[in-house]
file run.txt (compact mmCIF, C-alpha atoms)
# COMPACT_ATOMS: atom_id res chain seq x y z
CA MET A 24 141.39 20.84 -45.35
CA SER A 25 140.50 18.19 -42.86
CA ASP A 26 140.52 14.59 -43.97
CA SER A 27 138.21 13.66 -41.14
CA LEU A 28 134.45 13.91 -40.80
CA ASN A 29 132.13 13.43 -37.85
CA LEU A 30 130.16 10.32 -38.72
CA SER A 31 127.98 7.81 -36.96
CA PRO A 32 129.87 4.93 -35.35
CA ALA A 33 130.12 1.67 -37.22
CA PRO A 34 127.92 -1.12 -35.85
CA GLY A 35 129.61 -2.88 -32.94
CA SER A 36 132.39 -0.32 -32.57
CA PRO A 37 133.10 1.08 -29.09
CA HIS A 38 132.04 4.67 -28.61
CA VAL A 39 132.31 7.10 -25.71
CA PRO A 40 129.09 9.12 -25.40
CA GLY A 41 129.52 12.78 -26.30
CA VAL A 42 132.74 12.24 -28.24
CA PRO A 43 132.36 12.61 -32.04
CA ILE A 44 133.40 9.69 -34.19
CA ARG A 45 136.08 10.61 -36.73
CA HIS A 46 136.78 8.65 -39.87
CA THR A 47 140.21 8.96 -41.46
CA ARG A 48 140.48 8.18 -45.16
CA ALA A 49 142.95 5.59 -46.32
CA LYS A 50 145.71 6.85 -48.59
CA GLY A 51 144.37 7.32 -52.11
CA GLU A 52 140.75 6.97 -51.04
CA PRO A 53 138.51 9.62 -52.66
CA ARG A 54 137.23 12.18 -50.21
CA PHE A 55 133.72 11.97 -51.59
CA PRO A 56 133.38 8.85 -53.78
CA ASP A 57 130.23 10.17 -55.46
CA GLY A 58 131.15 13.84 -55.19
CA PRO A 59 133.46 16.38 -56.87
CA LYS A 60 136.88 15.23 -58.04
CA ALA A 61 140.01 16.77 -56.57
CA ASP A 62 141.38 17.80 -59.99
CA PRO A 63 138.78 17.13 -62.69
CA ALA A 64 140.80 18.44 -65.66
CA GLY A 65 143.99 16.72 -64.52
CA SER A 66 146.90 17.23 -66.90
CA HIS A 67 144.79 17.39 -70.06
CA PHE A 68 145.41 21.11 -70.55
CA GLU A 69 148.46 23.33 -70.56
CA ARG A 70 149.69 24.78 -67.32
CA ARG A 71 149.06 28.51 -67.01
CA ILE A 72 148.77 31.22 -64.42
CA ARG A 73 145.49 30.69 -62.57
CA SER A 74 143.30 33.36 -61.03
CA PHE A 75 142.26 31.13 -58.15
CA GLN A 76 143.93 29.22 -55.37
CA PRO A 77 142.05 26.33 -53.73
CA ARG A 78 141.43 26.95 -50.05
CA ARG A 79 141.79 24.18 -47.51
CA SER A 80 139.11 24.23 -44.85
CA ARG A 81 136.90 21.85 -42.95
CA VAL A 82 133.86 20.27 -44.57
CA THR A 83 130.98 19.98 -42.12
CA ALA A 84 128.89 16.85 -41.81
CA GLY A 85 125.94 18.63 -43.48
CA GLN A 86 128.07 19.77 -46.40
CA ALA A 87 129.54 16.29 -46.80
CA ASP A 88 126.06 14.78 -46.79
CA ALA A 89 124.91 17.20 -49.51
CA LEU A 90 127.97 16.43 -51.65
CA GLN A 91 127.39 12.69 -51.38
CA ARG A 92 123.63 12.83 -52.01
CA LEU A 93 123.26 15.63 -54.52
CA TRP A 94 126.47 15.82 -56.54
CA PRO A 95 125.47 13.04 -58.98
CA GLN A 96 122.27 14.95 -59.76
CA TRP A 97 123.29 18.61 -59.56
CA GLY A 98 127.09 18.60 -59.71
CA LEU A 99 129.43 18.98 -62.66
CA ASP A 100 133.16 18.26 -62.79
CA ILE A 101 134.86 20.61 -65.22
CA ASP A 102 137.08 18.14 -67.04
CA GLY A 103 137.17 19.83 -70.45
CA GLN A 104 136.44 16.52 -72.17
CA ARG A 105 132.95 17.27 -73.51
CA VAL A 106 130.75 20.06 -74.76
CA LEU A 107 127.79 20.71 -72.50
CA ASP A 108 124.20 20.72 -73.64
CA LEU A 109 122.80 23.26 -71.18
CA THR A 110 119.22 22.30 -72.00
CA GLU A 111 120.02 18.72 -71.03
CA LEU A 112 122.00 19.81 -67.96
CA PHE A 113 119.08 21.79 -66.51
CA GLY A 114 116.22 19.85 -68.06
CA ASN A 115 114.78 22.94 -69.75
CA ALA A 116 115.64 25.69 -72.23
CA ARG A 117 115.49 28.63 -69.82
CA PRO A 118 118.19 31.33 -69.87
CA VAL A 119 121.48 30.35 -68.24
CA VAL A 120 123.72 32.63 -66.19
CA LEU A 121 127.25 31.56 -65.28
CA GLU A 122 128.52 32.59 -61.86
CA ILE A 123 132.26 32.32 -61.28
CA GLY A 124 133.24 32.06 -57.62
CA PHE A 125 130.25 31.82 -55.30
CA GLY A 126 131.89 31.46 -51.88
CA MET A 127 129.49 29.67 -49.55
CA GLY A 128 126.60 30.08 -51.99
CA GLU A 129 124.18 32.13 -49.87
CA ALA A 130 123.82 34.94 -52.43
CA THR A 131 123.60 32.43 -55.29
CA ALA A 132 120.76 30.56 -53.60
CA ARG A 133 118.89 33.78 -52.82
CA MET A 134 119.13 35.00 -56.43
CA ALA A 135 118.05 31.60 -57.75
CA THR A 136 115.07 31.64 -55.40
CA ALA A 137 114.07 35.15 -56.50
CA ASP A 138 114.38 34.29 -60.22
CA PRO A 139 113.25 30.68 -60.75
CA ASP A 140 112.97 31.19 -64.52
CA THR A 141 116.73 31.69 -64.85
CA ASN A 142 119.15 28.76 -64.57
CA VAL A 143 122.37 29.36 -62.64
CA LEU A 144 125.56 27.45 -63.36
CA ALA A 145 127.70 28.30 -60.33
CA VAL A 146 131.41 27.41 -60.45
CA ASP A 147 133.94 27.30 -57.63
CA VAL A 148 136.81 25.16 -56.35
CA HIS A 149 135.97 25.45 -52.65
CA THR A 150 134.58 22.10 -51.49
CA PRO A 151 132.78 23.40 -48.37
CA GLY A 152 131.09 26.06 -50.48
CA GLN A 153 130.03 23.50 -53.06
CA GLY A 154 128.46 21.38 -50.33
CA ASN A 155 126.81 24.39 -48.73
CA LEU A 156 125.24 25.58 -52.00
CA LEU A 157 123.93 22.09 -52.73
CA ALA A 158 122.43 21.94 -49.25
CA LEU A 159 120.81 25.36 -49.69
CA ALA A 160 119.37 24.38 -53.07
CA ASP A 161 117.97 21.18 -51.59
CA ARG A 162 116.52 22.93 -48.54
CA ASN A 163 114.84 25.61 -50.66
CA GLY A 164 113.58 23.27 -53.37
CA LEU A 165 115.66 24.94 -56.08
CA THR A 166 115.81 23.11 -59.38
CA ASN A 167 117.54 25.91 -61.32
CA VAL A 168 121.02 25.59 -59.77
CA ARG A 169 123.91 23.42 -60.95
CA VAL A 170 127.28 23.44 -59.21
CA GLY A 171 130.48 23.26 -61.24
CA ASN A 172 133.80 22.12 -59.78
CA GLY A 173 137.01 23.30 -61.39
CA ASP A 174 138.54 25.95 -63.60
CA ALA A 175 136.00 28.32 -65.18
CA ILE A 176 138.42 29.10 -68.01
CA ILE A 177 138.36 25.45 -69.10
CA LEU A 178 134.57 25.49 -68.83
CA LEU A 179 134.28 28.57 -71.05
CA ARG A 180 136.90 27.50 -73.57
CA GLU A 181 136.27 23.77 -73.89
CA MET A 182 132.77 22.98 -72.65
CA LEU A 183 130.42 25.84 -73.61
CA THR A 184 129.21 26.67 -77.09
CA PRO A 185 129.20 30.16 -78.64
CA ASP A 186 126.35 32.45 -77.53
CA SER A 187 125.17 29.94 -74.92
CA LEU A 188 125.10 32.23 -71.89
CA ASP A 189 122.54 34.88 -71.01
CA GLY A 190 124.70 36.46 -68.34
CA LEU A 191 127.94 36.22 -66.38
CA ARG A 192 128.48 37.08 -62.72
CA VAL A 193 131.86 37.59 -61.08
CA TYR A 194 131.31 38.72 -57.50
CA PHE A 195 134.25 39.52 -55.23
CA PRO A 196 136.99 37.66 -57.12
CA ASP A 197 140.36 37.36 -55.45
CA PRO A 198 141.90 40.86 -55.85
CA TRP A 199 145.50 39.58 -55.72
CA PRO A 200 146.51 42.91 -54.18
CA LYS A 201 150.29 42.61 -54.51
CA LYS A 202 151.56 44.15 -57.74
CA ARG A 203 153.54 41.05 -58.68
CA HIS A 204 150.29 39.03 -58.50
CA HIS A 205 148.14 41.34 -60.65
CA LYS A 206 148.67 38.96 -63.57
CA ARG A 207 146.55 36.44 -61.66
CA ARG A 208 143.47 38.65 -61.61
CA LEU A 209 140.56 37.15 -63.53
CA ILE A 210 139.23 40.29 -65.20
CA GLN A 211 141.82 40.76 -67.93
CA PRO A 212 141.43 41.47 -71.67
CA GLU A 213 142.07 37.82 -72.59
CA PHE A 214 139.35 36.58 -70.24
CA LEU A 215 136.89 39.18 -71.51
CA THR A 216 137.51 38.12 -75.10
CA LEU A 217 136.88 34.47 -74.26
CA ALA A 218 133.76 35.30 -72.24
CA ALA A 219 132.39 37.42 -75.09
CA THR A 220 132.36 34.40 -77.40
CA ARG A 221 130.07 32.55 -74.98
CA LEU A 222 127.77 35.44 -74.10
CA LYS A 223 124.77 36.18 -76.28
CA PRO A 224 124.57 39.70 -77.71
CA GLY A 225 122.87 41.82 -75.07
CA ALA A 226 123.94 39.58 -72.19
CA VAL A 227 125.27 41.41 -69.15
CA LEU A 228 128.59 40.82 -67.42
CA HIS A 229 128.17 41.85 -63.79
CA CYS A 230 131.24 42.27 -61.60
CA ALA A 231 131.49 43.42 -58.00
CA THR A 232 134.51 44.00 -55.80
CA ASP A 233 135.37 45.70 -52.53
CA TRP A 234 138.98 46.26 -53.57
CA GLU A 235 139.04 49.74 -55.12
CA PRO A 236 142.26 49.39 -57.16
CA TYR A 237 140.85 46.22 -58.73
CA ALA A 238 137.55 47.99 -59.41
CA GLU A 239 139.43 50.72 -61.26
CA GLN A 240 141.30 48.11 -63.32
CA MET A 241 138.02 46.32 -64.13
CA LEU A 242 136.46 49.56 -65.29
CA GLU A 243 139.50 50.37 -67.41
CA VAL A 244 139.77 47.03 -69.21
CA LEU A 245 136.01 46.66 -69.71
CA THR A 246 135.68 50.19 -71.08
CA ALA A 247 138.54 49.56 -73.51
CA HIS A 248 137.22 46.20 -74.73
CA PRO A 249 135.34 46.42 -78.06
CA ASP A 250 132.90 43.62 -77.20
CA TYR A 251 131.34 45.37 -74.19
CA GLU A 252 129.56 48.61 -73.43
CA ASN A 253 128.87 50.16 -70.06
CA THR A 254 125.20 50.12 -69.06
CA GLN A 255 125.79 53.35 -67.12
CA PRO A 256 125.34 56.51 -69.20
CA ASP A 257 128.15 58.27 -67.34
CA GLY A 258 130.56 55.41 -68.09
CA GLY A 259 131.27 54.72 -64.42
CA PHE A 260 130.34 52.26 -61.73
CA ALA A 261 126.76 51.12 -61.23
CA PRO A 262 124.69 51.29 -58.07
CA ARG A 263 124.30 47.89 -56.44
CA PRO A 264 121.28 46.38 -58.21
CA ALA A 265 118.47 45.15 -55.98
CA PHE A 266 118.81 41.61 -57.32
CA ARG A 267 122.35 41.22 -55.94
CA PRO A 268 121.95 40.38 -52.25
CA LEU A 269 124.18 41.89 -49.63
CA THR A 270 126.40 38.96 -48.66
CA ARG A 271 127.94 38.27 -45.26
CA PHE A 272 131.39 38.80 -46.78
CA GLU A 273 130.31 42.13 -48.26
CA GLY A 274 128.76 43.21 -44.97
CA GLN A 275 132.02 42.50 -43.17
CA GLY A 276 133.86 44.61 -45.72
CA LEU A 277 131.44 47.49 -45.37
CA ASP A 278 131.84 47.34 -41.60
CA LYS A 279 135.57 47.83 -42.15
CA GLY A 280 134.98 50.87 -44.35
CA HIS A 281 135.49 49.13 -47.69
CA VAL A 282 133.81 50.61 -50.75
CA VAL A 283 131.96 48.11 -52.93
CA ASN A 284 131.76 48.83 -56.64
CA ASP A 285 129.46 47.14 -59.16
CA LEU A 286 130.12 47.08 -62.89
CA LEU A 287 127.45 46.10 -65.41
CA PHE A 288 128.63 45.82 -69.00
CA ARG A 289 126.61 44.55 -71.95
CA ARG A 290 128.03 42.35 -74.68
CA VAL A 291 127.60 44.20 -77.96
CA ARG A 292 129.15 41.92 -80.55
CA HIS A 293 130.95 38.63 -81.10
CA GLY A 294 134.47 38.40 -79.78
CA VAL A 295 137.16 36.52 -81.67
CA LEU A 296 138.82 33.72 -79.74
CA GLY A 297 142.51 33.64 -80.52

call {"tool": "encode", "arguments": {"input": "run.txt", "output": "structure tokens"}}
result
Amino acid sequence: MSDSLNLSPAPGSPHVPGVPIRHTRAKGEPRFPDGPKADPAGSHFERRIRSFQPRRSRVTAGQADALQRLWPQWGLDIDGQRVLDLTELFGNARPVVLEIGFGMGEATARMATADPDTNVLAVDVHTPGQGNLLALADRNGLTNVRVGNGDAIILLREMLTPDSLDGLRVYFPDPWPKKRHHKRRLIQPEFLTLAATRLKPGAVLHCATDWEPYAEQMLEVLTAHPDYENTQPDGGFAPRPAFRPLTRFEGQGLDKGHVVNDLLFRRVRHGVLG
């Protein structure tokens, strides 16, 4: 992840035309003083195996601008130190869907545009993606998107109240393909139990993946979990619903011959959080 950004030159500083100005942060200086924190939960919670690994990549000037301008209004650091009032967070009492892992945010923005009466709390740890989604929301006049920064498990466990979510989306999570890494996969019985406590009865958990072995595992653990039922009468995978846009990432996978599977399971009763 680059520590430098292309910025306008400081007044009076020498500048060669056509050469971008780069600003290097001093040691310990926050990357985005008014933006997402590097590690919002810090050491407040026990260490555990995580299903995600932060990616280091360059933040463009447009993404940096969106993070600086819009994070105080539309951003949320997942610190685990408070319980969220979702009505206050969005400024209305409309249904809320949680999206875990949104990449660069294109699909999230398109779904939010198509369904303005549903609020989307989109969570990721990828700073460029956070900035990109904020920029897309701003450009498209979206008021129903909030961007969360940090660990979705801490959000679900510490910051959301029971039955507060009207849906949950997990699109193309890291498949952790090596067998020794399967324990890092997000869709596991323990995660499903936690998620069930936050989903309203009837809410739909929608997963999608282009990694077939992971899709089979998802289908197996969801089918076996007592708090969910498959929306498909045959008990299998679902056709891609029209409301889930075809993403650039998905298109690249399809071009390579990957098979994309959707799973839509409905929460049928309260789970018990251990």

call {"tool": "closest_residue", "arguments": {"input": "run.txt", "among": "A:Glu111, A:Phe260, A:Gly154, A:Thr220", "to": "Glu181 in chain A", "atoms": "only C-alpha atoms"}}
result
A:Thr220

call {"tool": "residues_around", "arguments": {"input": "run.txt", "residues": "Gly98 in chain A", "least_positions_apart": "3", "cutoff": "8 Å", "atoms": "only C-alpha atoms", "output": "ChimeraX atom specification"}}
result
/A:58-59,93-95,169-172

call {"tool": "atom_distance", "arguments": {"input": "run.txt", "atom1": "CA of Gly124 in chain A", "atom2": "CA of Leu107 in chain A"}}
result
19.5 Å

call {"tool": "closest_residue", "arguments": {"input": "run.txt", "among": "A:Pro118, A:Gly258, A:Gly85, A:Gly190", "to": "Gln153 in chain A", "atoms": "only C-alpha atoms"}}
result
A:Gly85

call {"tool": "atom_distance", "arguments": {"input": "run.txt", "atom1": "CA of Glu235 in chain A", "atom2": "CA of Gln211 in chain A"}}
result
15.9 Å

call {"tool": "residues_near_point", "arguments": {"input": "run.txt", "point": "(134.3, 39.7, -73.9)", "cutoff": "9 Å", "atoms": "all atoms listed in the file", "output": "ChimeraX atom specification"}}
result
/A:212-222,228,245,248-251,290,292-295

call {"tool": "residues_around", "arguments": {"input": "run.txt", "residues": "Ala116 in chain A", "least_positions_apart": "3", "cutoff": "12 Å", "atoms": "only C-alpha atoms", "output": "list in words"}}
result
Asp108, Leu109, Thr110, Glu111, Leu112, Phe113, Val119, Asp140, Thr141, Asn142, Asn167, Ser187, Leu188 and Asp189 of chain A

call {"tool": "atom_distance", "arguments": {"input": "run.txt", "atom1": "CA of Pro139 in chain A", "atom2": "CA of Asn284 in chain A"}}
result
26.2 Å
